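Note: the block below is entry38.csv and it holds CSV, N, CA and C atoms.
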```
chain,number,residue,atom,x,y,z
A,1,MET,N,17.6,3.3,-12.8
A,1,MET,CA,17.2,4.0,-11.5
A,1,MET,C,16.7,2.9,-10.5
A,2,SER,N,17.2,3.0,-9.3
A,2,SER,CA,16.8,2.0,-8.3
A,2,SER,C,15.4,2.4,-7.7
A,3,PRO,N,14.6,1.4,-7.4
A,3,PRO,CA,13.3,1.7,-6.8
A,3,PRO,C,13.5,2.1,-5.3
A,4,SER,N,12.6,2.9,-4.8
A,4,SER,CA,12.6,3.3,-3.4
A,4,SER,C,12.1,2.1,-2.6
A,5,VAL,N,12.9,1.7,-1.6
A,5,VAL,CA,12.6,0.5,-0.8
A,5,VAL,C,12.5,0.9,0.7
A,6,LEU,N,11.6,0.2,1.4
A,6,LEU,CA,11.4,0.3,2.8
A,6,LEU,C,11.5,-1.1,3.4
A,7,ILE,N,12.3,-1.3,4.4
A,7,ILE,CA,12.4,-2.5,5.1
A,7,ILE,C,11.8,-2.2,6.5
A,8,CYS,N,10.8,-2.9,6.9
A,8,CYS,CA,10.1,-2.7,8.2
A,8,CYS,C,10.2,-4.0,9.0
A,9,ASP,N,10.9,-4.0,10.1
A,9,ASP,CA,11.0,-5.2,11.0
A,9,ASP,C,11.6,-4.7,12.3
A,10,ASP,N,11.1,-5.2,13.4
A,10,ASP,CA,11.6,-4.8,14.7
A,10,ASP,C,12.9,-5.4,15.1
A,11,SER,N,13.3,-6.4,14.3
A,11,SER,CA,14.6,-7.1,14.5
A,11,SER,C,15.7,-6.5,13.6
A,12,ASN,N,16.7,-6.0,14.3
A,12,ASN,CA,17.9,-5.4,13.5
A,12,ASN,C,18.5,-6.5,12.6
A,13,MET,N,18.6,-7.7,13.2
A,13,MET,CA,19.3,-8.8,12.4
A,13,MET,C,18.4,-9.1,11.1
A,14,ALA,N,17.1,-9.1,11.3
A,14,ALA,CA,16.3,-9.4,10.1
A,14,ALA,C,16.3,-8.3,9.1
A,15,ARG,N,16.4,-7.0,9.6
A,15,ARG,CA,16.5,-5.9,8.6
A,15,ARG,C,17.8,-6.0,7.8
A,16,LYS,N,18.9,-6.3,8.5
A,16,LYS,CA,20.2,-6.5,7.9
A,16,LYS,C,20.2,-7.6,6.9
A,17,GLN,N,19.5,-8.7,7.2
A,17,GLN,CA,19.5,-9.9,6.3
A,17,GLN,C,18.7,-9.5,5.0
A,18,VAL,N,17.6,-8.8,5.1
A,18,VAL,CA,16.9,-8.4,3.9
A,18,VAL,C,17.8,-7.4,3.1
A,19,LEU,N,18.4,-6.5,3.8
A,19,LEU,CA,19.3,-5.5,3.1
A,19,LEU,C,20.4,-6.2,2.3
A,20,ARG,N,21.0,-7.2,2.9
A,20,ARG,CA,22.1,-8.0,2.3
A,20,ARG,C,21.6,-8.8,1.0
A,21,SER,N,20.3,-9.1,1.0
A,21,SER,CA,19.7,-9.9,-0.1
A,21,SER,C,19.4,-9.1,-1.3
A,22,LEU,N,19.3,-7.7,-1.1
A,22,LEU,CA,18.9,-6.9,-2.2
A,22,LEU,C,20.0,-6.7,-3.2
A,23,PRO,N,19.7,-6.3,-4.5
A,23,PRO,CA,20.7,-6.0,-5.4
A,23,PRO,C,21.6,-4.8,-4.9
A,24,GLU,N,22.9,-4.9,-5.1
A,24,GLU,CA,23.8,-3.9,-4.6
A,24,GLU,C,23.4,-2.5,-5.0
A,25,GLU,N,22.9,-2.3,-6.2
A,25,GLU,CA,22.6,-1.0,-6.7
A,25,GLU,C,21.3,-0.4,-6.1
A,26,TRP,N,20.6,-1.2,-5.4
A,26,TRP,CA,19.4,-0.7,-4.7
A,26,TRP,C,19.7,-0.1,-3.3
A,27,LYS,N,20.8,-0.5,-2.7
A,27,LYS,CA,21.1,-0.3,-1.3
A,27,LYS,C,21.1,1.2,-0.9
A,28,ASP,N,21.4,2.1,-1.8
A,28,ASP,CA,21.4,3.5,-1.5
A,28,ASP,C,20.0,4.1,-1.4
A,29,SER,N,19.0,3.4,-1.9
A,29,SER,CA,17.6,3.9,-1.9
A,29,SER,C,16.7,3.2,-0.9
A,30,VAL,N,17.4,2.6,0.1
A,30,VAL,CA,16.6,1.8,1.1
A,30,VAL,C,16.4,2.7,2.4
A,31,GLN,N,15.2,2.7,2.9
A,31,GLN,CA,14.9,3.3,4.2
A,31,GLN,C,14.5,2.1,5.2
A,32,ILE,N,14.7,2.4,6.5
A,32,ILE,CA,14.5,1.4,7.5
A,32,ILE,C,13.4,1.9,8.5
A,33,ALA,N,12.5,1.0,8.9
A,33,ALA,CA,11.5,1.3,9.9
A,33,ALA,C,11.6,0.2,10.9
A,34,CYS,N,11.6,0.5,12.2
A,34,CYS,CA,11.7,-0.5,13.3
A,34,CYS,C,10.4,-1.0,13.8
A,35,ASN,N,9.3,-0.3,13.3
A,35,ASN,CA,7.9,-0.7,13.8
A,35,ASN,C,6.9,-0.2,12.7
A,36,GLY,N,5.7,-0.6,12.9
A,36,GLY,CA,4.6,-0.2,12.0
A,36,GLY,C,4.3,1.2,11.9
A,37,ALA,N,4.4,1.9,13.1
A,37,ALA,CA,4.1,3.4,13.1
A,37,ALA,C,5.2,4.1,12.3
A,38,GLU,N,6.4,3.8,12.4
A,38,GLU,CA,7.5,4.4,11.6
A,38,GLU,C,7.3,4.1,10.1
A,39,ALA,N,6.9,2.9,9.8
A,39,ALA,CA,6.7,2.5,8.4
A,39,ALA,C,5.6,3.3,7.8
A,40,LEU,N,4.5,3.5,8.5
A,40,LEU,CA,3.3,4.3,8.0
A,40,LEU,C,3.7,5.7,7.8
A,41,THR,N,4.5,6.3,8.7
A,41,THR,CA,5.0,7.7,8.5
A,41,THR,C,5.9,7.8,7.3
A,42,ILE,N,6.8,6.9,7.1
A,42,ILE,CA,7.7,6.9,5.9
A,42,ILE,C,6.9,6.7,4.6
A,43,LEU,N,6.0,5.7,4.7
A,43,LEU,CA,5.1,5.5,3.5
A,43,LEU,C,4.3,6.7,3.1
A,44,ARG,N,3.7,7.4,4.1
A,44,ARG,CA,2.9,8.5,3.9
A,44,ARG,C,3.7,9.7,3.3
A,45,ASP,N,4.9,9.9,3.8
A,45,ASP,CA,5.7,11.1,3.5
A,45,ASP,C,6.7,10.9,2.3
A,46,ASN,N,6.8,9.7,1.8
A,46,ASN,CA,7.7,9.4,0.7
A,46,ASN,C,7.0,8.5,-0.3
A,47,SER,N,7.6,8.4,-1.5
A,47,SER,CA,7.1,7.6,-2.5
A,47,SER,C,7.8,6.3,-2.5
A,48,ILE,N,7.4,5.3,-1.7
A,48,ILE,CA,8.0,4.0,-1.5
A,48,ILE,C,7.4,3.1,-2.6
A,49,GLU,N,8.2,2.4,-3.3
A,49,GLU,CA,7.8,1.5,-4.3
A,49,GLU,C,7.7,0.1,-3.8
A,50,ILE,N,8.6,-0.3,-3.0
A,50,ILE,CA,8.7,-1.7,-2.5
A,50,ILE,C,8.8,-1.7,-1.0
A,51,LEU,N,8.0,-2.5,-0.3
A,51,LEU,CA,8.0,-2.6,1.2
A,51,LEU,C,8.2,-4.1,1.5
A,52,PHE,N,9.3,-4.3,2.3
A,52,PHE,CA,9.5,-5.7,2.9
A,52,PHE,C,9.0,-5.5,4.3
A,53,LEU,N,8.0,-6.3,4.7
A,53,LEU,CA,7.2,-6.1,6.0
A,53,LEU,C,7.2,-7.3,6.8
A,54,ASP,N,7.6,-7.2,8.1
A,54,ASP,CA,7.4,-8.2,9.1
A,54,ASP,C,6.0,-8.1,9.6
A,55,LEU,N,5.4,-9.2,10.1
A,55,LEU,CA,4.1,-9.1,10.7
A,55,LEU,C,4.0,-8.9,12.2
A,56,THR,N,4.9,-9.6,12.9
A,56,THR,CA,4.8,-9.5,14.4
A,56,THR,C,5.8,-8.5,14.9
A,57,MET,N,5.2,-7.3,15.3
A,57,MET,CA,5.9,-6.2,15.8
A,57,MET,C,5.1,-5.6,16.9
A,58,PRO,N,5.8,-4.9,17.9
A,58,PRO,CA,5.0,-4.2,18.9
A,58,PRO,C,4.3,-3.0,18.4
A,59,GLY,N,3.2,-2.6,19.0
A,59,GLY,CA,2.4,-1.5,18.5
A,59,GLY,C,1.7,-1.8,17.3
A,60,ILE,N,1.8,-1.1,16.2
A,60,ILE,CA,1.2,-1.4,14.9
A,60,ILE,C,1.9,-2.5,14.3
A,61,ASP,N,1.2,-3.6,14.1
A,61,ASP,CA,1.9,-4.8,13.5
A,61,ASP,C,1.8,-4.7,11.9
A,62,GLY,N,2.2,-5.8,11.3
A,62,GLY,CA,2.2,-5.8,9.8
A,62,GLY,C,0.8,-5.7,9.3
A,63,ILE,N,-0.1,-6.4,9.9
A,63,ILE,CA,-1.5,-6.3,9.4
A,63,ILE,C,-2.0,-4.8,9.5
A,64,GLY,N,-1.7,-4.2,10.6
A,64,GLY,CA,-2.0,-2.7,10.7
A,64,GLY,C,-1.4,-1.9,9.6
A,65,VAL,N,-0.2,-2.2,9.3
A,65,VAL,CA,0.5,-1.5,8.2
A,65,VAL,C,-0.2,-1.7,6.9
A,66,LEU,N,-0.5,-3.0,6.6
A,66,LEU,CA,-1.3,-3.3,5.3
A,66,LEU,C,-2.6,-2.6,5.3
A,67,GLN,N,-3.3,-2.5,6.4
A,67,GLN,CA,-4.6,-1.8,6.5
A,67,GLN,C,-4.4,-0.3,6.3
A,68,GLY,N,-3.3,0.2,6.9
A,68,GLY,CA,-3.0,1.6,6.7
A,68,GLY,C,-2.7,2.0,5.3
A,69,ILE,N,-2.0,1.1,4.6
A,69,ILE,CA,-1.6,1.3,3.2
A,69,ILE,C,-2.9,1.4,2.4
A,70,GLN,N,-3.9,0.5,2.7
A,70,GLN,CA,-5.2,0.6,2.0
A,70,GLN,C,-5.9,1.9,2.3
A,71,LYS,N,-6.0,2.2,3.6
A,71,LYS,CA,-6.7,3.4,4.0
A,71,LYS,C,-6.1,4.7,3.4
A,72,LEU,N,-4.8,4.7,3.3
A,72,LEU,CA,-4.1,5.9,2.7
A,72,LEU,C,-4.1,5.8,1.1
A,73,ASN,N,-4.6,4.7,0.6
A,73,ASN,CA,-4.6,4.5,-0.9
A,73,ASN,C,-3.2,4.6,-1.5
A,74,LEU,N,-2.2,4.0,-0.9
A,74,LEU,CA,-0.9,4.1,-1.4
A,74,LEU,C,-0.6,3.0,-2.4
A,75,ASN,N,0.2,3.3,-3.3
A,75,ASN,CA,0.6,2.3,-4.4
A,75,ASN,C,2.0,1.8,-4.0
A,76,CYS,N,2.1,0.6,-3.4
A,76,CYS,CA,3.3,0.1,-3.0
A,76,CYS,C,3.3,-1.4,-3.1
A,77,SER,N,4.3,-2.0,-3.6
A,77,SER,CA,4.4,-3.5,-3.7
A,77,SER,C,4.9,-4.0,-2.4
A,78,VAL,N,4.1,-4.8,-1.7
A,78,VAL,CA,4.4,-5.3,-0.3
A,78,VAL,C,4.8,-6.7,-0.4
A,79,PHE,N,5.9,-7.1,0.2
A,79,PHE,CA,6.3,-8.4,0.4
A,79,PHE,C,6.5,-8.7,1.9
A,80,VAL,N,5.6,-9.6,2.4
A,80,VAL,CA,5.6,-9.9,3.8
A,80,VAL,C,6.7,-11.0,4.1
A,81,ILE,N,7.5,-10.8,5.1
A,81,ILE,CA,8.5,-11.7,5.5
A,81,ILE,C,8.2,-12.0,7.0
A,82,SER,N,7.8,-13.3,7.3
A,82,SER,CA,7.4,-13.6,8.7
A,82,SER,C,7.6,-15.0,9.0
A,83,ALA,N,7.8,-15.3,10.3
A,83,ALA,CA,7.9,-16.6,10.8
A,83,ALA,C,6.5,-17.2,11.0
A,84,ASP,N,5.5,-16.4,11.0
A,84,ASP,CA,4.1,-16.9,11.1
A,84,ASP,C,3.6,-17.4,9.8
A,85,ILE,N,3.8,-18.7,9.6
A,85,ILE,CA,3.5,-19.2,8.2
A,85,ILE,C,2.2,-20.0,8.1
A,86,GLN,N,1.3,-19.7,9.0
A,86,GLN,CA,0.0,-20.3,9.0
A,86,GLN,C,-0.7,-20.0,7.7
A,87,PRO,N,-1.4,-20.9,7.0
A,87,PRO,CA,-2.1,-20.6,5.7
A,87,PRO,C,-3.1,-19.5,5.9
A,88,GLU,N,-3.8,-19.4,7.0
A,88,GLU,CA,-4.8,-18.4,7.2
A,88,GLU,C,-4.1,-17.0,7.2
A,89,MET,N,-2.9,-16.9,7.8
A,89,MET,CA,-2.2,-15.6,7.8
A,89,MET,C,-1.8,-15.3,6.4
A,90,GLN,N,-1.3,-16.3,5.7
A,90,GLN,CA,-0.8,-16.0,4.3
A,90,GLN,C,-2.0,-15.5,3.4
A,91,SER,N,-3.1,-16.1,3.6
A,91,SER,CA,-4.3,-15.7,2.8
A,91,SER,C,-4.8,-14.3,3.3
A,92,LYS,N,-4.7,-14.0,4.6
A,92,LYS,CA,-5.1,-12.7,5.1
A,92,LYS,C,-4.2,-11.6,4.5
A,93,VAL,N,-2.9,-11.7,4.5
A,93,VAL,CA,-2.0,-10.7,4.0
A,93,VAL,C,-2.2,-10.5,2.5
A,94,LYS,N,-2.4,-11.5,1.8
A,94,LYS,CA,-2.6,-11.4,0.3
A,94,LYS,C,-4.0,-10.7,0.1
A,95,ALA,N,-5.0,-11.0,0.9
A,95,ALA,CA,-6.3,-10.3,0.7
A,95,ALA,C,-6.1,-8.8,1.1
A,96,LEU,N,-5.1,-8.4,1.9
A,96,LEU,CA,-4.9,-7.0,2.2
A,96,LEU,C,-3.9,-6.4,1.2
A,97,GLY,N,-3.5,-7.1,0.2
A,97,GLY,CA,-2.7,-6.5,-0.9
A,97,GLY,C,-1.3,-6.9,-1.0
A,98,ALA,N,-0.8,-7.8,-0.1
A,98,ALA,CA,0.6,-8.2,-0.2
A,98,ALA,C,0.8,-9.0,-1.5
A,99,LYS,N,2.0,-8.8,-2.1
A,99,LYS,CA,2.3,-9.5,-3.4
A,99,LYS,C,2.7,-11.0,-3.1
A,100,GLU,N,3.5,-11.1,-2.0
A,100,GLU,CA,4.0,-12.4,-1.7
A,100,GLU,C,4.2,-12.5,-0.2
A,101,PHE,N,4.3,-13.8,0.3
A,101,PHE,CA,4.5,-14.1,1.7
A,101,PHE,C,5.8,-15.0,1.7
A,102,MET,N,6.8,-14.5,2.4
A,102,MET,CA,8.1,-15.3,2.4
A,102,MET,C,8.4,-15.7,3.9
A,103,ARG,N,8.9,-16.9,4.1
A,103,ARG,CA,9.2,-17.4,5.4
A,103,ARG,C,10.5,-16.7,5.9
A,104,LYS,N,10.5,-16.4,7.2
A,104,LYS,CA,11.6,-15.8,7.9
A,104,LYS,C,12.4,-17.0,8.5
A,105,PRO,N,13.7,-17.0,8.4
A,105,PRO,CA,14.6,-16.0,7.7
A,105,PRO,C,14.5,-16.2,6.2
A,106,VAL,N,14.4,-15.0,5.5
A,106,VAL,CA,14.2,-15.1,4.1
A,106,VAL,C,15.6,-15.4,3.4
A,107,GLN,N,15.6,-16.2,2.4
A,107,GLN,CA,16.8,-16.6,1.6
A,107,GLN,C,16.9,-15.6,0.5
A,108,ALA,N,18.1,-15.2,0.2
A,108,ALA,CA,18.3,-14.2,-0.9
A,108,ALA,C,17.7,-14.6,-2.2
A,109,ASP,N,17.9,-15.9,-2.6
A,109,ASP,CA,17.4,-16.4,-3.9
A,109,ASP,C,15.8,-16.4,-3.9
A,110,VAL,N,15.2,-16.6,-2.8
A,110,VAL,CA,13.7,-16.6,-2.7
A,110,VAL,C,13.2,-15.1,-2.9
A,111,LEU,N,13.9,-14.2,-2.2
A,111,LEU,CA,13.5,-12.8,-2.3
A,111,LEU,C,13.7,-12.3,-3.7
A,112,LEU,N,14.8,-12.6,-4.3
A,112,LEU,CA,15.1,-12.1,-5.7
A,112,LEU,C,14.1,-12.7,-6.7
A,113,ASN,N,13.8,-14.0,-6.5
A,113,ASN,CA,12.9,-14.7,-7.4
A,113,ASN,C,11.5,-14.1,-7.3
A,114,ASN,N,11.1,-13.7,-6.1
A,114,ASN,CA,9.8,-13.1,-5.9
A,114,ASN,C,9.8,-11.7,-6.6
A,115,LEU,N,10.9,-10.9,-6.5
A,115,LEU,CA,10.9,-9.6,-7.2
A,115,LEU,C,10.9,-9.8,-8.7
A,116,ARG,N,11.5,-10.8,-9.2
A,116,ARG,CA,11.5,-11.1,-10.7
A,116,ARG,C,10.1,-11.5,-11.1
A,117,GLN,N,9.4,-12.4,-10.3
A,117,GLN,CA,8.1,-12.8,-10.7
A,117,GLN,C,7.1,-11.6,-10.8
A,118,HIS,N,7.3,-10.6,-10.1
A,118,HIS,CA,6.4,-9.4,-10.1
A,118,HIS,C,7.0,-8.3,-10.9
A,119,GLY,N,8.0,-8.6,-11.8
A,119,GLY,CA,8.5,-7.6,-12.7
A,119,GLY,C,9.3,-6.4,-12.0
A,120,LEU,N,9.8,-6.7,-10.8
A,120,LEU,CA,10.5,-5.6,-10.1
A,120,LEU,C,12.0,-5.7,-10.2
A,121,LEU,N,12.5,-6.7,-10.9
A,121,LEU,CA,13.9,-6.9,-11.0
A,121,LEU,C,14.3,-7.3,-12.4
```

As structure tokens:
Amino acid sequence: MSPSVLICDDSNMARKQVLRSLPEEWKDSVQIACNGAEALTILRDNSIEILFLDLTMPGIDGIGVLQGIQKLNLNCSVFVISADIQPEMQSKVKALGAKEFMRKPVQADVLLNNLRQHGLL
């Protein structure tokens, strides 16, 4: 059975890149959010197991989504994918519960290796 997956990024190109990197058998269980508010609604209303999350988005950003996940006490494995690679930001997202921080644009092998390292693949 494929895990339920949410990809949240305001860039259509970035969303498609993440989707192409996922195992083929997962693609039917993927939902898409274009911003943080959409992501929080989907997370609240569905049982999402894996979230691929951008940080820089209009409105509720990735940090806001991570804080919302904590506030709602949701059990979701979050993988941040961002161009903002400052060490302080990497530490901040991990402190807020992200499993990994991946540089954008994410490479398929990096994404898959991170999923394997966390026992999700």

Between A:Arg116, A:Arg44, A:Val78, A:Ile63, which is the closest to Lys92 (chain A) once you count all atoms listed in the file?
->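 Under the stated criterion, the closest residue is A:Ile63.
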
Name all residues at most 8 Å from region 24-35 of chain A (count only C-alpha atoms; drop same-chain ones fewer than 6 positions away) and give them as a list in words.
-> Ser2, Pro3, Ser4, Val5, Leu6, Ile7, Cys8, Asp9, Asp10, Ser11, Asn12, Arg15, Ile42, Met57, Pro58, Gly59, Ile60 and Asp61 of chain A

Computed interatomic separation between CA of Leu66 (chain A) and atom N of Met102 (chain A) (Å) = 14.1 Å

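When atom C of Asp84 (chain A) is paired with CA of Gln107 (chain A), their separation reads 15.6 Å.
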
Contact residues around Val80 (chain A) with only N, CA and C atoms at 8 Å, ignoring same-chain residues under 3 positions, as a PyMOL selection string = chain A and resi 51-55+77+83+93+98-104

Considering all atoms listed in the file, return as a ChimeraX atom specification whatever protein or nucleic-acid residues lie within 8 Å of Leu40 (chain A), sequence-local ones (same chain, fewer than 5 positions apart) excluded.
-> /A:33,35,45-46,64-65,68-69

Mind pulling up the distance from atom C of Gln90 (chain A) to CA of Leu72 (chain A)?
->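 Answer for the CA of Leu72 (chain A) to atom C of Gln90 (chain A) separation: 21.5 Å.
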
Among chain A, which residues carry a DSSP assignment of alpha helix (DSSP H), reported as number ranges by chain?
-> A: 12-21, 36-45, 62-71, 87-95, 108-117

Given the choices A:Ala37, A:Met13, A:Ile50, A:Ile85, which gets closest to Leu120 (chain A) if the distance is worked out from only C-alpha atoms?
->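 Ranked by minimum distance to Leu120 (chain A), first place goes to A:Ile50.
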
Filtered DSSP result for chain A, state strand (DSSP E or B), as a list in words =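 After running DSSP on the backbone, chain A has strand (DSSP E or B) at Val5, Leu6, Ile7, Cys8, Val30, Gln31, Ile32, Ala33, Ile50, Leu51, Phe52, Leu53, Ser77, Val78, Phe79, Val80, Ile81, Ser82, Glu100, Phe101, Met102 and Arg103 of chain A.
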
Near-Ser21 (chain A) list (8 Å; all atoms listed in the file; drop same-chain fewer than 5 positions) as an MDAnalysis selection string | chainID A and resid 15:16 106:109 111:112

Rebuild region 23-33 of chain A so that it carries all heavy atoms, then output the result as a compact mmCIF listing (two decimals), in the coordinates of the input.
```
# COMPACT_ATOMS: atom_id res chain seq x y z
N PRO A 23 19.70 -6.30 -4.50
CA PRO A 23 20.70 -6.00 -5.40
C PRO A 23 21.60 -4.80 -4.90
O PRO A 23 21.05 -3.90 -4.28
CB PRO A 23 19.95 -5.58 -6.67
CG PRO A 23 18.62 -6.25 -6.52
CD PRO A 23 18.34 -6.28 -5.04
N GLU A 24 22.90 -4.90 -5.10
CA GLU A 24 23.80 -3.90 -4.60
C GLU A 24 23.40 -2.50 -5.00
O GLU A 24 23.47 -1.54 -4.20
CB GLU A 24 25.22 -4.21 -5.11
CG GLU A 24 26.30 -3.43 -4.41
CD GLU A 24 26.41 -3.74 -2.92
OE1 GLU A 24 26.24 -4.90 -2.51
OE2 GLU A 24 26.68 -2.79 -2.17
N GLU A 25 22.90 -2.30 -6.20
CA GLU A 25 22.60 -1.00 -6.70
C GLU A 25 21.30 -0.40 -6.10
O GLU A 25 21.07 0.79 -6.20
CB GLU A 25 22.47 -0.96 -8.26
CG GLU A 25 21.38 -1.86 -8.82
CD GLU A 25 21.83 -3.30 -9.08
OE1 GLU A 25 22.91 -3.71 -8.61
OE2 GLU A 25 21.08 -4.01 -9.76
N TRP A 26 20.60 -1.20 -5.40
CA TRP A 26 19.40 -0.70 -4.70
C TRP A 26 19.70 -0.10 -3.30
O TRP A 26 18.91 0.60 -2.73
CB TRP A 26 18.39 -1.85 -4.47
CG TRP A 26 17.68 -2.29 -5.70
CD1 TRP A 26 18.05 -2.13 -7.01
CD2 TRP A 26 16.46 -3.02 -5.73
NE1 TRP A 26 17.14 -2.71 -7.84
CE2 TRP A 26 16.15 -3.27 -7.08
CE3 TRP A 26 15.61 -3.50 -4.76
CZ2 TRP A 26 15.01 -3.96 -7.47
CZ3 TRP A 26 14.48 -4.19 -5.14
CH2 TRP A 26 14.17 -4.41 -6.49
N LYS A 27 20.80 -0.50 -2.70
CA LYS A 27 21.10 -0.30 -1.30
C LYS A 27 21.10 1.20 -0.90
O LYS A 27 20.83 1.55 0.23
CB LYS A 27 22.34 -1.00 -0.87
CG LYS A 27 22.10 -2.50 -0.97
CD LYS A 27 23.23 -3.34 -0.50
CE LYS A 27 22.84 -4.82 -0.68
NZ LYS A 27 23.91 -5.72 -0.36
N ASP A 28 21.40 2.10 -1.80
CA ASP A 28 21.40 3.50 -1.50
C ASP A 28 20.00 4.10 -1.40
O ASP A 28 19.79 5.23 -0.96
CB ASP A 28 22.19 4.32 -2.58
CG ASP A 28 23.68 4.07 -2.47
OD1 ASP A 28 24.15 3.69 -1.37
OD2 ASP A 28 24.39 4.26 -3.48
N SER A 29 19.00 3.40 -1.90
CA SER A 29 17.60 3.90 -1.90
C SER A 29 16.70 3.20 -0.90
O SER A 29 15.51 3.23 -0.97
CB SER A 29 16.99 3.71 -3.33
OG SER A 29 16.89 2.35 -3.66
N VAL A 30 17.40 2.60 0.10
CA VAL A 30 16.60 1.80 1.10
C VAL A 30 16.40 2.70 2.40
O VAL A 30 17.38 3.30 2.87
CB VAL A 30 17.37 0.51 1.50
CG1 VAL A 30 16.70 -0.20 2.67
CG2 VAL A 30 17.44 -0.42 0.30
N GLN A 31 15.20 2.70 2.90
CA GLN A 31 14.90 3.30 4.20
C GLN A 31 14.50 2.10 5.20
O GLN A 31 14.10 1.07 4.74
CB GLN A 31 13.79 4.27 4.09
CG GLN A 31 14.17 5.47 3.23
CD GLN A 31 13.11 6.55 3.31
OE1 GLN A 31 12.80 7.04 4.38
NE2 GLN A 31 12.57 6.91 2.15
N ILE A 32 14.70 2.40 6.50
CA ILE A 32 14.50 1.40 7.50
C ILE A 32 13.40 1.90 8.50
O ILE A 32 13.42 3.09 8.86
CB ILE A 32 15.78 1.14 8.27
CG1 ILE A 32 16.88 0.63 7.35
CG2 ILE A 32 15.53 0.20 9.45
CD1 ILE A 32 16.64 -0.73 6.74
N ALA A 33 12.50 1.00 8.90
CA ALA A 33 11.50 1.30 9.90
C ALA A 33 11.60 0.20 10.90
O ALA A 33 11.71 -1.02 10.54
CB ALA A 33 10.12 1.40 9.36
```
